[in-house]
$ cat query-v5.pdb   # PDB, C-alpha atoms
MODEL        1
ATOM      1  CA  MET A  23     127.928-106.512 -36.347
ATOM      2  CA  ASN A  24     124.571-108.282 -36.564
ATOM      3  CA  THR A  25     121.255-106.851 -35.432
ATOM      4  CA  GLU A  26     121.073-109.068 -32.326
ATOM      5  CA  ASN A  27     124.421-107.736 -31.088
ATOM      6  CA  LEU A  28     123.405-104.174 -31.909
ATOM      7  CA  MET A  29     120.166-104.568 -29.937
ATOM      8  CA  ASN A  30     121.986-106.094 -26.952
ATOM      9  CA  GLN A  31     124.503-103.260 -26.984
ATOM     10  CA  TYR A  32     121.684-100.706 -27.264
ATOM     11  CA  LEU A  33     119.817-102.229 -24.298
ATOM     12  CA  ALA A  34     122.970-102.314 -22.144
ATOM     13  CA  LEU A  35     123.661 -98.653 -22.907
ATOM     14  CA  LYS A  36     120.019 -97.775 -22.238
ATOM     15  CA  GLU A  37     120.171 -99.401 -18.798
ATOM     16  CA  ALA A  38     123.452 -97.644 -18.001
ATOM     17  CA  SER A  39     122.038 -94.289 -19.132
ATOM     18  CA  GLU A  40     118.933 -94.758 -16.957
ATOM     19  CA  ASN A  41     121.152 -95.403 -13.933
ATOM     20  CA  ILE A  42     123.248 -92.341 -14.739
ATOM     21  CA  LYS A  43     120.114 -90.200 -15.179
ATOM     22  CA  GLN A  44     118.827 -91.339 -11.766
ATOM     23  CA  GLN A  45     122.141 -90.453 -10.128
ATOM     24  CA  MET A  46     122.179 -87.067 -11.885
ATOM     25  CA  GLU A  47     118.638 -86.339 -10.658
ATOM     26  CA  ILE A  48     119.628 -87.157  -7.063
ATOM     27  CA  ILE A  49     122.594 -84.791  -7.327
ATOM     28  CA  LYS A  50     120.398 -82.059  -8.848
ATOM     29  CA  GLN A  51     117.976 -82.384  -5.933
ATOM     30  CA  GLN A  52     120.856 -82.143  -3.455
ATOM     31  CA  LEU A  53     122.191 -79.043  -5.209
ATOM     32  CA  GLY A  54     118.701 -77.564  -5.170
ATOM     33  CA  GLN A  55     118.400 -78.148  -1.429
ATOM     34  CA  ALA A  56     121.832 -76.650  -0.840
ATOM     35  CA  LEU A  57     121.054 -73.622  -3.052
ATOM     36  CA  PRO A  58     117.334 -72.770  -2.580
ATOM     37  CA  GLU A  59     117.813 -69.410  -4.341
ATOM     38  CA  GLY A  60     120.074 -70.850  -7.034
ATOM     39  CA  GLY A  61     123.712 -69.918  -7.434
ATOM     40  CA  LYS A  62     126.981 -70.627  -9.162
ATOM     41  CA  VAL A  63     129.117 -73.719  -8.500
ATOM     42  CA  SER A  64     132.395 -74.454 -10.280
ATOM     43  CA  GLY A  65     131.480 -72.083 -13.100
ATOM     44  CA  HIS A  66     127.998 -73.589 -13.581
ATOM     45  CA  ASN A  67     124.703 -71.898 -12.764
ATOM     46  CA  VAL A  68     122.144 -73.696 -10.608
ATOM     47  CA  THR A  69     118.694 -72.271 -11.292
ATOM     48  CA  TRP A  70     115.150 -73.097 -10.316
ATOM     49  CA  THR A  71     112.480 -73.226 -13.014
ATOM     50  CA  LYS A  72     108.821 -72.923 -12.074
ATOM     51  CA  PRO A  73     106.572 -75.849 -13.040
ATOM     52  CA  ARG A  74     104.503 -75.565 -16.225
ATOM     53  CA  LEU A  75     101.113 -73.938 -16.077
ATOM     54  CA  ASN A  76      98.086 -76.213 -16.239
ATOM     55  CA  THR A  77      96.456 -74.480 -19.187
ATOM     56  CA  THR A  78      93.439 -76.788 -19.050
ATOM     57  CA  ALA A  79      92.632 -75.640 -15.517
ATOM     58  CA  LEU A  80      93.315 -72.026 -16.488
ATOM     59  CA  ALA A  81      90.994 -72.275 -19.490
ATOM     60  CA  LYS A  82      88.252 -73.659 -17.261
ATOM     61  CA  ASP A  83      88.523 -70.728 -14.832
ATOM     62  CA  PHE A  84      89.292 -68.013 -17.409
ATOM     63  CA  THR A  85      87.042 -68.668 -20.400
ATOM     64  CA  PRO A  86      87.512 -67.003 -23.798
ATOM     65  CA  GLU A  87      84.110 -65.350 -23.464
ATOM     66  CA  THR A  88      85.078 -63.496 -20.290
ATOM     67  CA  ASN A  89      88.822 -63.135 -20.976
ATOM     68  CA  PRO A  90      89.393 -62.889 -24.758
ATOM     69  CA  GLU A  91      92.709 -61.075 -24.185
ATOM     70  CA  LEU A  92      94.177 -64.352 -22.878
ATOM     71  CA  TYR A  93      93.544 -66.260 -26.098
ATOM     72  CA  LYS A  94      94.890 -66.380 -29.643
ATOM     73  CA  GLN A  95      93.847 -68.268 -32.735
ATOM     74  CA  THR A  96      96.201 -71.111 -33.671
ATOM     75  CA  ILE A  97      96.272 -73.698 -36.432
ATOM     76  CA  ASP A  98      94.920 -77.136 -35.511
ATOM     77  CA  SER A  99      97.635 -79.627 -36.502
ATOM     78  CA  LYS A 100      95.249 -82.582 -36.171
ATOM     79  CA  ALA A 101      92.787 -80.973 -38.602
ATOM     80  CA  VAL A 102      95.646 -80.112 -40.952
ATOM     81  CA  SER A 103      96.719 -83.780 -41.009
ATOM     82  CA  GLN A 104      93.154 -84.868 -41.784
ATOM     83  CA  HIS A 105      92.554 -82.349 -44.574
ATOM     84  CA  LEU A 106      95.882 -82.081 -46.400
ATOM     85  CA  ALA A 107      97.775 -84.788 -48.266
ATOM     86  CA  PRO A 108     101.010 -86.105 -46.716
ATOM     87  CA  ALA A 109     102.949 -84.909 -49.779
ATOM     88  CA  VAL A 110     101.719 -81.367 -49.143
ATOM     89  CA  LEU A 111     102.622 -81.565 -45.452
ATOM     90  CA  ASP A 112     106.143 -82.869 -46.156
ATOM     91  CA  LYS A 113     107.332 -79.465 -47.326
ATOM     92  CA  TYR A 114     106.279 -77.991 -43.967
ATOM     93  CA  ARG A 115     108.142 -80.531 -41.809
ATOM     94  CA  THR A 116     111.267 -79.437 -39.950
ATOM     95  CA  GLY A 117     114.034 -81.403 -38.285
ATOM     96  CA  THR A 118     115.056 -84.940 -39.035
ATOM     97  CA  PRO A 119     113.154 -88.205 -38.659
ATOM     98  CA  THR A 120     113.792 -90.057 -35.414
ATOM     99  CA  ILE A 121     114.047 -93.760 -34.706
ATOM    100  CA  THR A 122     112.253 -95.010 -31.605
ATOM    101  CA  ILE A 123     113.029 -98.315 -29.929
ATOM    102  CA  ARG A 124     110.649 -99.462 -27.210
TER     103      ARG A 124
ENDMDL
END
$ encode --input "query-v5.pdb" --output "structure tokens"
Amino acid sequence: MNTENLMNQYLALKEASENIKQQMEIIKQQLGQALPEGGKVSGHNVTWTKPRLNTTALAKDFTPETNPELYKQTIDSKAVSQHLAPAVLDKYRTGTPTITIR
């Protein structure tokens, strides 16, 4: 199969998957409305997950100076990339490379 056919097949599957994802999201919303406290349906659990915290807003209101117990020191991955050679960093990488098509 040539690359043109592969790309056409990929794009067709991508469009189909986007349609399926939209339909799945609609069904999830309907299940959420029907089960506001969560529940079990056909052996599957329906649960609500709270939205993520806006840590930027939290940091603005709860500064490290006044609330040091809320903070921890972490490594800065951007600084690491700027100061260490790629060959050094390779041994610290996990997972597998991914291919992105846009």
$ residues_around --input "query-v5.pdb" --residues "Leu57 of chain A" --least-positions-apart "4" --cutoff "9 Å" --atoms "all atoms listed in the file" --output "list in words"
Gln52, Leu53, Gly61, Val68 and Thr69 of chain A
$ atom_distance --input "query-v5.pdb" --atom1 "atom CA of Asp98 of chain A" --atom2 "atom CA of Phe84 of chain A"
21.0 Å
$ atom_distance --input "query-v5.pdb" --atom1 "atom CA of Glu47 of chain A" --atom2 "atom CA of Thr71 of chain A"
14.7 Å
$ atom_distance --input "query-v5.pdb" --atom1 "atom CA of Lys72 of chain A" --atom2 "atom CA of Tyr93 of chain A"
21.8 Å
$ axis_aligned_box --input "query-v5.pdb" --around "segment 54-57 of chain A" --padding-each-side "4 Å" --output "lines of an AutoDock Vina configuration file"
center_x = 120.1
center_y = -75.9
center_z = -3.0
size_x = 11.4
size_y = 12.5
size_z = 12.3
$ decode --input "query-v5.pdb" --residues "segment 30-110 of chain A" --atoms "C-alpha atoms" --output "mmCIF file, in the first residue's frame"
data_model
loop_
_atom_site.group_PDB
_atom_site.id
_atom_site.type_symbol
_atom_site.label_atom_id
_atom_site.label_comp_id
_atom_site.auth_asym_id
_atom_site.auth_seq_id
_atom_site.Cartn_x
_atom_site.Cartn_y
_atom_site.Cartn_z
ATOM 1 C CA ASN A 30 -6.401 8.588 3.005
ATOM 2 C CA GLN A 31 -7.255 5.569 5.130
ATOM 3 C CA TYR A 32 -5.852 7.300 8.226
ATOM 4 C CA LEU A 33 -7.921 10.447 7.578
ATOM 5 C CA ALA A 34 -11.116 8.432 7.018
ATOM 6 C CA LEU A 35 -10.577 6.558 10.283
ATOM 7 C CA LYS A 36 -9.781 9.817 12.079
ATOM 8 C CA GLU A 37 -13.061 11.360 10.913
ATOM 9 C CA ALA A 38 -15.003 8.246 11.925
ATOM 10 C CA SER A 39 -13.328 8.201 15.349
ATOM 11 C CA GLU A 40 -14.164 11.885 15.911
ATOM 12 C CA ASN A 41 -17.822 11.169 15.144
ATOM 13 C CA ILE A 42 -17.796 8.184 17.492
ATOM 14 C CA LYS A 43 -16.135 10.250 20.244
ATOM 15 C CA GLN A 44 -18.828 12.939 19.884
ATOM 16 C CA GLN A 45 -21.582 10.333 20.156
ATOM 17 C CA MET A 46 -19.883 8.756 23.185
ATOM 18 C CA GLU A 47 -19.645 12.167 24.884
ATOM 19 C CA ILE A 48 -23.367 12.800 24.316
ATOM 20 C CA ILE A 49 -24.190 9.421 25.855
ATOM 21 C CA LYS A 50 -21.874 10.101 28.817
ATOM 22 C CA GLN A 51 -23.651 13.404 29.448
ATOM 23 C CA GLN A 52 -27.033 11.662 29.308
ATOM 24 C CA LEU A 53 -25.839 9.005 31.753
ATOM 25 C CA GLY A 54 -24.503 11.740 34.013
ATOM 26 C CA GLN A 55 -27.860 13.516 33.996
ATOM 27 C CA ALA A 56 -29.674 10.262 34.696
ATOM 28 C CA LEU A 57 -27.252 9.346 37.518
ATOM 29 C CA PRO A 58 -26.245 12.611 39.283
ATOM 30 C CA GLU A 59 -24.710 10.646 42.182
ATOM 31 C CA GLY A 60 -23.124 8.040 39.917
ATOM 32 C CA GLY A 61 -24.118 4.397 39.899
ATOM 33 C CA LYS A 62 -23.789 1.043 38.219
ATOM 34 C CA VAL A 63 -25.299 0.204 34.817
ATOM 35 C CA SER A 64 -24.926 -3.170 33.104
ATOM 36 C CA GLY A 65 -21.906 -4.007 35.249
ATOM 37 C CA HIS A 66 -20.174 -0.668 34.567
ATOM 38 C CA ASN A 67 -19.625 2.117 37.082
ATOM 39 C CA VAL A 68 -20.689 5.663 36.232
ATOM 40 C CA THR A 69 -18.702 8.116 38.339
ATOM 41 C CA TRP A 70 -18.273 11.855 38.510
ATOM 42 C CA THR A 71 -14.764 13.300 38.681
ATOM 43 C CA LYS A 72 -14.228 16.826 39.962
ATOM 44 C CA PRO A 73 -12.556 19.270 37.557
ATOM 45 C CA ARG A 74 -8.817 19.892 37.921
ATOM 46 C CA LEU A 75 -7.615 22.536 40.313
ATOM 47 C CA ASN A 76 -6.372 25.792 38.822
ATOM 48 C CA THR A 77 -2.979 25.718 40.506
ATOM 49 C CA THR A 78 -2.016 29.081 39.019
ATOM 50 C CA ALA A 79 -4.942 30.770 40.763
ATOM 51 C CA LEU A 80 -4.208 28.840 43.958
ATOM 52 C CA ALA A 81 -0.554 29.896 43.891
ATOM 53 C CA LYS A 82 -1.605 33.521 43.493
ATOM 54 C CA ASP A 83 -3.874 33.370 46.558
ATOM 55 C CA PHE A 84 -1.713 31.025 48.663
ATOM 56 C CA THR A 85 1.892 32.130 48.190
ATOM 57 C CA PRO A 86 4.896 30.036 49.252
ATOM 58 C CA GLU A 87 5.930 32.753 51.696
ATOM 59 C CA THR A 88 2.679 32.537 53.652
ATOM 60 C CA ASN A 89 1.893 28.848 53.022
ATOM 61 C CA PRO A 90 5.176 26.906 52.645
ATOM 62 C CA GLU A 91 3.430 23.665 53.675
ATOM 63 C CA LEU A 92 1.573 23.705 50.336
ATOM 64 C CA TYR A 93 4.739 23.619 48.242
ATOM 65 C CA LYS A 94 7.497 21.169 47.357
ATOM 66 C CA GLN A 95 10.701 21.490 45.397
ATOM 67 C CA THR A 96 10.590 19.811 41.980
ATOM 68 C CA ILE A 97 13.045 19.444 39.124
ATOM 69 C CA ASP A 98 12.617 21.906 36.251
ATOM 70 C CA SER A 99 12.429 19.791 33.080
ATOM 71 C CA LYS A 100 12.955 22.834 30.845
ATOM 72 C CA ALA A 101 16.184 23.724 32.673
ATOM 73 C CA VAL A 102 17.287 20.091 32.524
ATOM 74 C CA SER A 103 16.832 20.095 28.729
ATOM 75 C CA GLN A 104 18.879 23.291 28.433
ATOM 76 C CA HIS A 105 21.754 22.143 30.649
ATOM 77 C CA LEU A 106 22.178 18.440 29.884
ATOM 78 C CA ALA A 107 23.106 16.802 26.590
ATOM 79 C CA PRO A 108 20.404 14.825 24.748
ATOM 80 C CA ALA A 109 22.526 11.667 25.051
ATOM 81 C CA VAL A 110 22.503 12.045 28.835
#
